[in-house]
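Notes to accompany the following structure.
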Amino acid sequence: MKQAVEDEAGRRHLPKSVQGLNATAARLWRLEYFGLLGITVSSFFPAFNHLQEYAFFFLLAVALSISWLEKINPIVRTPIDVPVIAFLAWVLCTIPFAIDPAYSFSEWRKVVAHVLVFYWAMLVLRQNGSDELPRQIILATVFGSLVLSGLALEDFILRGGTWKHRLIRAGAPNSDYNWLTTYLVLAIPIVIGWVLIHQTSRARALGIVTIVLAVAAQIAAYTRAGWLAHFAQAFGFVIMAGKRRVMVWALISAMALGGGLIALSMIGYQKDTLDPWTFSARVKTWRLGFQQVVQHPFVGVGYGNDTFVRIYTAELEADKNKGLEERVLPALHNTFAMVLMGSGVPALAFFVWVFVRIVGELTVGKRQLMIEQADVRVLVPAVALAVIGFAVRNAFDYMFAGSLAALFWILVALGLSLKSQDGDVRSPANIAAAG
């Protein structure tokens with residue numbers, strides 16, 4: 001209290017121009033605060049992707065301007081700086097060797113923009129300096145998940161969706177089931193964390209309703225890669241918990257669910273869900289991509305999801321009249337394979353390093369720090385599980401793009417910021433030193 005009075009007295013003796021600058025900066029940082037929340041919510045709706053991009057670059061420019069005026073270092077150092085920079089640098093170096101350098105460069109710029117979302121979010125979280133903004137980001141994630149799941153289920157029902165087959169599948173508005181399932185892979189662990197850290201019945205009720213709708217939407221999407229991602233998240237949680245009994249029950253539950261699905265297919269339900277043709281087609285497509293890796297292992301043939309189509313146009317045209325099992329898919333349907341074919345083995349190594357470093361940083365922090373705050377103890381591992389699921393989901397489709405990538409990086413920034421609550425990123429000492 002005494003310190004606050006002294007600070008207020010000190011501010012009164014500052015020149016009016018300085019007082020005005022400080023007041024303006026405070027309002028602009030508040031704008032950044034609400035901007036981050038707005039981008040988090042809008043990330044759940046691909047239709048707003050371009051508006052989201054314009055808003056982000058405007059907010060980034062404002063944040064850099066305030067930092068310059070206040071003599072604050074806008075660069076927040078994080079544990080994943082080295083692998084992220086190494087990946088971006090290597091992909092940039094391979095662009096001159098691409099079959100279409102202009103296209104690969106445009107795809108690389110998109111990745112850079114998404115990484116900037118991460119560092120901007122880290123800056124805003126650091127300047128906020130309290131637990132309020134992280135909690136609001138979680139609330140924004142819960143709200144986005146609730147609305148997205150509700151709209152997806154409504155559309156699924158109105159279009160005549162059924163539990164018997166997957167001819168009609170739940171999808172994200174202005175997108176499809178692939179986007180919906182990936183959103184939910186990212187969001188469900190966070191929503192579960194929301195329920196665990198809140199004691200009020202109203203907050204828990206909101207979280208439980210969101211979980212029920214999200215799980216129903218995930219099932220109605222009939223996307224096996226999404227279900228597999230959730231299984232990976234459950235397995236990751238078991239490893240974090242370190243309890244063998246939990247691991248046994250998780251395996252039994254997974255086997256029961258798989259057996260139940262097989263049993264349903266035998267009586268006429270969801271036969272097409274168990275049809276392996278999509279996996280067979282993926283394997284055939286991956287083999288073609290690997291042929292390019294063998295020929296260009298070091299620099300690849302060009303970064304970008306459309307590079308595969310540009311190389312194998314003739315094969316794709318020839319496969320139009322073939323059966324589903326014999327077709328080549330019009331993309332690699334695997335983000336890791338795309339990186340490998342596009343920019344070579346080093347790019348894949350750096351890309352995997354990014355995921356490993358994020359998960360390792362978040363999970364190791366939980367084991368090492370005896371932290372009482374439920375936000376850190378629960379939500380940091382929840383973000384780690386979201387990252388694990390996102391990685392698995394990207395092993396079957398290219399989903400590291402658009403607003404999904406923006407949401408992913410915001411959640412990573414949230415996790416690292418929470419994890420370092422008592423560390424160097426958000427500590428007052430480091431904020432002062434950064435200035």
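Ligands are numbered from 1 in the order shown, chains are lettered A, B, ... in the order of the structure tokens, and residues start at 1 in each chain.
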Next on the checklist: List as a list in words the protein and nucleic acid residues near Leu329 of chain A, meaning an atom at most 8 Å away when only C-alpha atoms are counted, but skip any in the same chain fewer than 4 places from it.
Outcome noted: Ala281, Arg282, Thr285, Leu316 and His333 of chain A
Export of prior selection with all heavy atoms as a CSV table (one decimal), in the first residue's frame:
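After the write, out03.csv holds the following:
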```csv
chain,number,residue,atom,x,y,z
A,281,ALA,N,-4.7,-45.8,-49.3
A,281,ALA,CA,-4.4,-44.7,-50.3
A,281,ALA,C,-3.3,-43.8,-49.7
A,281,ALA,O,-2.4,-43.3,-50.5
A,281,ALA,CB,-5.6,-43.9,-50.6
A,282,ARG,N,-3.3,-43.5,-48.4
A,282,ARG,CA,-2.3,-42.7,-47.8
A,282,ARG,C,-0.9,-43.4,-48.0
A,282,ARG,O,0.1,-42.7,-48.3
A,282,ARG,CB,-2.6,-42.4,-46.3
A,282,ARG,CG,-3.5,-41.3,-46.1
A,282,ARG,CD,-3.8,-41.1,-44.6
A,282,ARG,NE,-4.5,-39.9,-44.3
A,282,ARG,CZ,-5.8,-39.7,-44.4
A,282,ARG,NH1,-6.6,-40.7,-44.8
A,282,ARG,NH2,-6.4,-38.6,-44.1
A,285,THR,N,0.4,-43.0,-51.4
A,285,THR,CA,0.7,-41.6,-51.6
A,285,THR,C,2.1,-41.3,-50.9
A,285,THR,O,3.0,-40.6,-51.5
A,285,THR,CB,-0.3,-40.6,-51.1
A,285,THR,OG1,-1.6,-41.0,-51.7
A,285,THR,CG2,0.0,-39.2,-51.4
A,316,LEU,N,-2.1,-38.4,-60.8
A,316,LEU,CA,-3.4,-38.1,-60.3
A,316,LEU,C,-4.5,-38.1,-61.3
A,316,LEU,O,-5.6,-38.5,-61.1
A,316,LEU,CB,-3.4,-36.7,-59.6
A,316,LEU,CG,-2.5,-36.6,-58.3
A,316,LEU,CD1,-2.4,-35.1,-57.9
A,316,LEU,CD2,-3.1,-37.4,-57.2
A,333,HIS,N,-1.2,-35.7,-47.2
A,333,HIS,CA,-2.0,-35.9,-46.0
A,333,HIS,C,-1.2,-36.3,-44.8
A,333,HIS,O,-1.5,-37.1,-44.0
A,333,HIS,CB,-3.0,-37.0,-46.3
A,333,HIS,CG,-4.2,-36.6,-47.2
A,333,HIS,ND1,-5.3,-36.0,-46.7
A,333,HIS,CD2,-4.3,-36.5,-48.5
A,333,HIS,CE1,-6.2,-35.7,-47.6
A,333,HIS,NE2,-5.5,-36.0,-48.8
```
Item to check | Which of segment 84-311 of chain A fall in alpha helix (DSSP H), as a count of residues only | outcome: 176
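If you look at atom CA of Val383 of chain A and atom CA of Ala47 of chain A, they are 25.0 Å away from each other.
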Next on the checklist: Just checking: using only C-alpha atoms, which residue out of A:Pro381, A:Gly402, A:Gly236, A:Gly207 ends up closest to Glu53 of chain A?
Outcome noted: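 Nearest candidate to Glu53 of chain A out of A:Pro381, A:Gly402, A:Gly236, A:Gly207: A:Gly402.
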Checklist entry - Residues at most 12 Å from Leu379 of chain A, counting only C-alpha atoms, excluding those fewer than 2 positions away in the same chain, as a PyMOL selection string? => result chain A and resi 134-135+137-138+187-198+362-363+365-366+373-377+381-386+411-412+414-419
Taking C-alpha atoms for each residue, export the selection above as a short mmCIF file (atom, residue, chain, number, x, y, z; two decimals), in the first residue's frame.
```
data_model
loop_
_atom_site.label_atom_id
_atom_site.label_comp_id
_atom_site.auth_asym_id
_atom_site.auth_seq_id
_atom_site.Cartn_x
_atom_site.Cartn_y
_atom_site.Cartn_z
CA PRO A 134 -4.16 -16.51 -19.11
CA ARG A 135 -7.48 -17.31 -17.44
CA ILE A 137 -7.55 -17.05 -22.86
CA ILE A 138 -8.74 -20.33 -21.37
CA ALA A 187 -9.43 -27.67 -27.22
CA ILE A 188 -10.74 -30.64 -25.26
CA PRO A 189 -7.68 -30.99 -22.94
CA ILE A 190 -7.88 -27.25 -22.23
CA VAL A 191 -11.59 -27.42 -21.43
CA ILE A 192 -11.01 -30.37 -19.10
CA GLY A 193 -8.34 -28.30 -17.37
CA TRP A 194 -10.86 -25.45 -17.03
CA VAL A 195 -13.26 -27.77 -15.19
CA LEU A 196 -10.52 -29.02 -12.87
CA ILE A 197 -9.25 -25.60 -11.78
CA HIS A 198 -12.66 -24.05 -11.06
CA LEU A 362 5.84 -28.24 -20.41
CA THR A 363 5.90 -31.76 -18.97
CA GLY A 365 8.27 -28.28 -15.67
CA LYS A 366 5.31 -30.03 -14.06
CA GLN A 373 -1.34 -22.76 -8.24
CA ALA A 374 -3.91 -24.97 -9.97
CA ASP A 375 -3.49 -22.93 -13.18
CA VAL A 376 0.09 -24.08 -13.53
CA ARG A 377 -0.31 -27.57 -12.10
CA PRO A 381 0.15 -30.31 -18.80
CA ALA A 382 -3.18 -29.73 -20.57
CA VAL A 383 -1.39 -27.60 -23.17
CA ALA A 384 1.26 -30.33 -23.50
CA LEU A 385 -1.48 -32.88 -24.21
CA ALA A 386 -3.02 -30.53 -26.79
CA LEU A 411 -1.96 -22.14 -26.64
CA VAL A 412 1.79 -22.86 -26.69
CA LEU A 414 -0.13 -19.72 -22.84
CA GLY A 415 1.51 -22.92 -21.61
CA LEU A 416 5.04 -21.52 -21.60
CA SER A 417 3.86 -18.32 -19.91
CA LEU A 418 2.04 -20.23 -17.16
CA LYS A 419 4.97 -22.57 -16.70
#
```
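Between atom CA of Val387 of chain A and atom CA of Met240 of chain A there is a distance of 14.1 Å.
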Checklist entry - How many Å separate atom CA of Arg224 of chain A from atom CA of His165 of chain A? => result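 If I compute the distance from atom CA of Arg224 of chain A to atom CA of His165 of chain A, I get 13.4 Å.
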